[in-house]
Amino acid sequence: MSDPKQTASMILKALDDKKALDVKLLQTDKITILADYFIICTATSVTHIKTLSEEADRVMSEKGQPPLRREGYRSGSWVLLDFGSVVVHLFLEETREFYDLERLWSDAEEIDLNEILSEK
């Protein structure tokens, strides 16, 4: 089992490899018990959401940490993957704007991704 930051890092790299857009990492451990980190990103199409979710699932399942829950597959415009300490939100752009999770969780610290993604 990896720690929450390692889990987030592995997922972020997988999403980056599959060209996720406008990726945000919010550290939420000080403001909610739901998760230590939220990852929020945009996909270009329903197919891209599927690709991103399958890649995150594959990478983490290979590490022995498959998602505990998957939500939103039927709608196609949003998918949530719950890895326990890390929750991943994959959106089409208009759906992301509608839910505006960054505003909802504005008290969370946004983590700079440059250092994490440069460790590839």
# chains A, B, ... in the order shown; residues from 1 in each chain; ligands from 1
call {"tool": "select_by_dssp", "arguments": {"residues": "chain A", "states": "strand (DSSP E or B)", "output": "PyMOL selection string"}}
result
chain A and resi 21-27+37-43+69-71+78-82+86-92+109-111
call {"tool": "write_last_selection", "arguments": {"atoms": "C-alpha atoms", "output": "PDB file, in the first residue's frame"}}
result
ATOM      1  CA  LEU A  21      -6.314  18.612 -19.416  1.00  0.00           C
ATOM      2  CA  ASP A  22      -6.288  21.278 -16.687  1.00  0.00           C
ATOM      3  CA  VAL A  23      -5.301  18.810 -13.968  1.00  0.00           C
ATOM      4  CA  LYS A  24      -5.587  20.012 -10.368  1.00  0.00           C
ATOM      5  CA  LEU A  25      -4.444  18.305  -7.181  1.00  0.00           C
ATOM      6  CA  LEU A  26      -6.205  19.518  -4.056  1.00  0.00           C
ATOM      7  CA  GLN A  27      -4.977  18.490  -0.623  1.00  0.00           C
ATOM      8  CA  TYR A  37      -6.463  14.408  -2.047  1.00  0.00           C
ATOM      9  CA  PHE A  38      -8.871  15.225  -4.848  1.00  0.00           C
ATOM     10  CA  ILE A  39      -7.641  15.073  -8.415  1.00  0.00           C
ATOM     11  CA  ILE A  40      -9.769  17.035 -10.872  1.00  0.00           C
ATOM     12  CA  CYS A  41      -9.211  17.042 -14.612  1.00  0.00           C
ATOM     13  CA  THR A  42     -10.895  17.629 -17.941  1.00  0.00           C
ATOM     14  CA  ALA A  43     -11.233  15.212 -20.847  1.00  0.00           C
ATOM     15  CA  ARG A  69     -15.853   2.648  -6.128  1.00  0.00           C
ATOM     16  CA  ARG A  70     -16.547   3.925  -9.607  1.00  0.00           C
ATOM     17  CA  GLU A  71     -19.389   6.345 -10.301  1.00  0.00           C
ATOM     18  CA  TRP A  78     -18.221  12.678 -15.482  1.00  0.00           C
ATOM     19  CA  VAL A  79     -16.514   9.748 -13.777  1.00  0.00           C
ATOM     20  CA  LEU A  80     -15.428   9.468 -10.159  1.00  0.00           C
ATOM     21  CA  LEU A  81     -12.814   6.931  -9.063  1.00  0.00           C
ATOM     22  CA  ASP A  82     -12.479   6.457  -5.313  1.00  0.00           C
ATOM     23  CA  VAL A  86      -7.472   9.852  -3.277  1.00  0.00           C
ATOM     24  CA  VAL A  87     -10.642  10.644  -5.208  1.00  0.00           C
ATOM     25  CA  VAL A  88     -10.357  11.297  -8.942  1.00  0.00           C
ATOM     26  CA  HIS A  89     -12.921  13.414 -10.797  1.00  0.00           C
ATOM     27  CA  LEU A  90     -12.832  13.206 -14.610  1.00  0.00           C
ATOM     28  CA  PHE A  91     -15.077  15.694 -16.408  1.00  0.00           C
ATOM     29  CA  LEU A  92     -16.022  16.983 -19.798  1.00  0.00           C
ATOM     30  CA  GLU A 109      -4.523  23.629  -0.754  1.00  0.00           C
ATOM     31  CA  GLU A 110      -3.734  23.307  -4.452  1.00  0.00           C
ATOM     32  CA  ILE A 111      -0.510  21.340  -4.922  1.00  0.00           C
TER      33      ILE A 111
END
call {"tool": "residues_around", "arguments": {"residues": "segment 115-118 of chain A", "least_positions_apart": "6", "cutoff": "8 Å", "atoms": "only C-alpha atoms", "output": "list in words"}}
result
Ser9, Leu12, Lys13 and Asp16 of chain A
call {"tool": "select_by_dssp", "arguments": {"residues": "segment 9-101 of chain A", "states": "alpha helix (DSSP H)", "output": "VMD selection string"}}
result
chain A and resid 9 to 17 46 to 62 93 to 99 101
call {"tool": "atom_distance", "arguments": {"atom1": "atom CA of Lys30 of chain A", "atom2": "atom CA of Leu101 of chain A"}}
result
16.6 Å
call {"tool": "residues_around", "arguments": {"residues": "Glu55 of chain A", "least_positions_apart": "6", "cutoff": "8 Å", "atoms": "only C-alpha atoms", "output": "MDAnalysis selection string"}}
result
chainID A and resid 14:15 18
call {"tool": "atom_distance", "arguments": {"atom1": "atom CA of Asp107 of chain A", "atom2": "atom CA of Ile31 of chain A"}}
result
7.4 Å
call {"tool": "atom_distance", "arguments": {"atom1": "atom CA of Thr44 of chain A", "atom2": "atom CA of Glu62 of chain A"}}
result
25.9 Å
call {"tool": "closest_residue", "arguments": {"among": "A:Val59, A:Glu93, A:Ser77, A:Gly84", "to": "Met10 of chain A", "atoms": "only C-alpha atoms"}}
result
A:Val59
call {"tool": "closest_residue", "arguments": {"among": "A:Phe83, A:Lys5, A:Ala20, A:Asp100", "to": "Ser61 of chain A", "atoms": "only C-alpha atoms"}}
result
A:Phe83
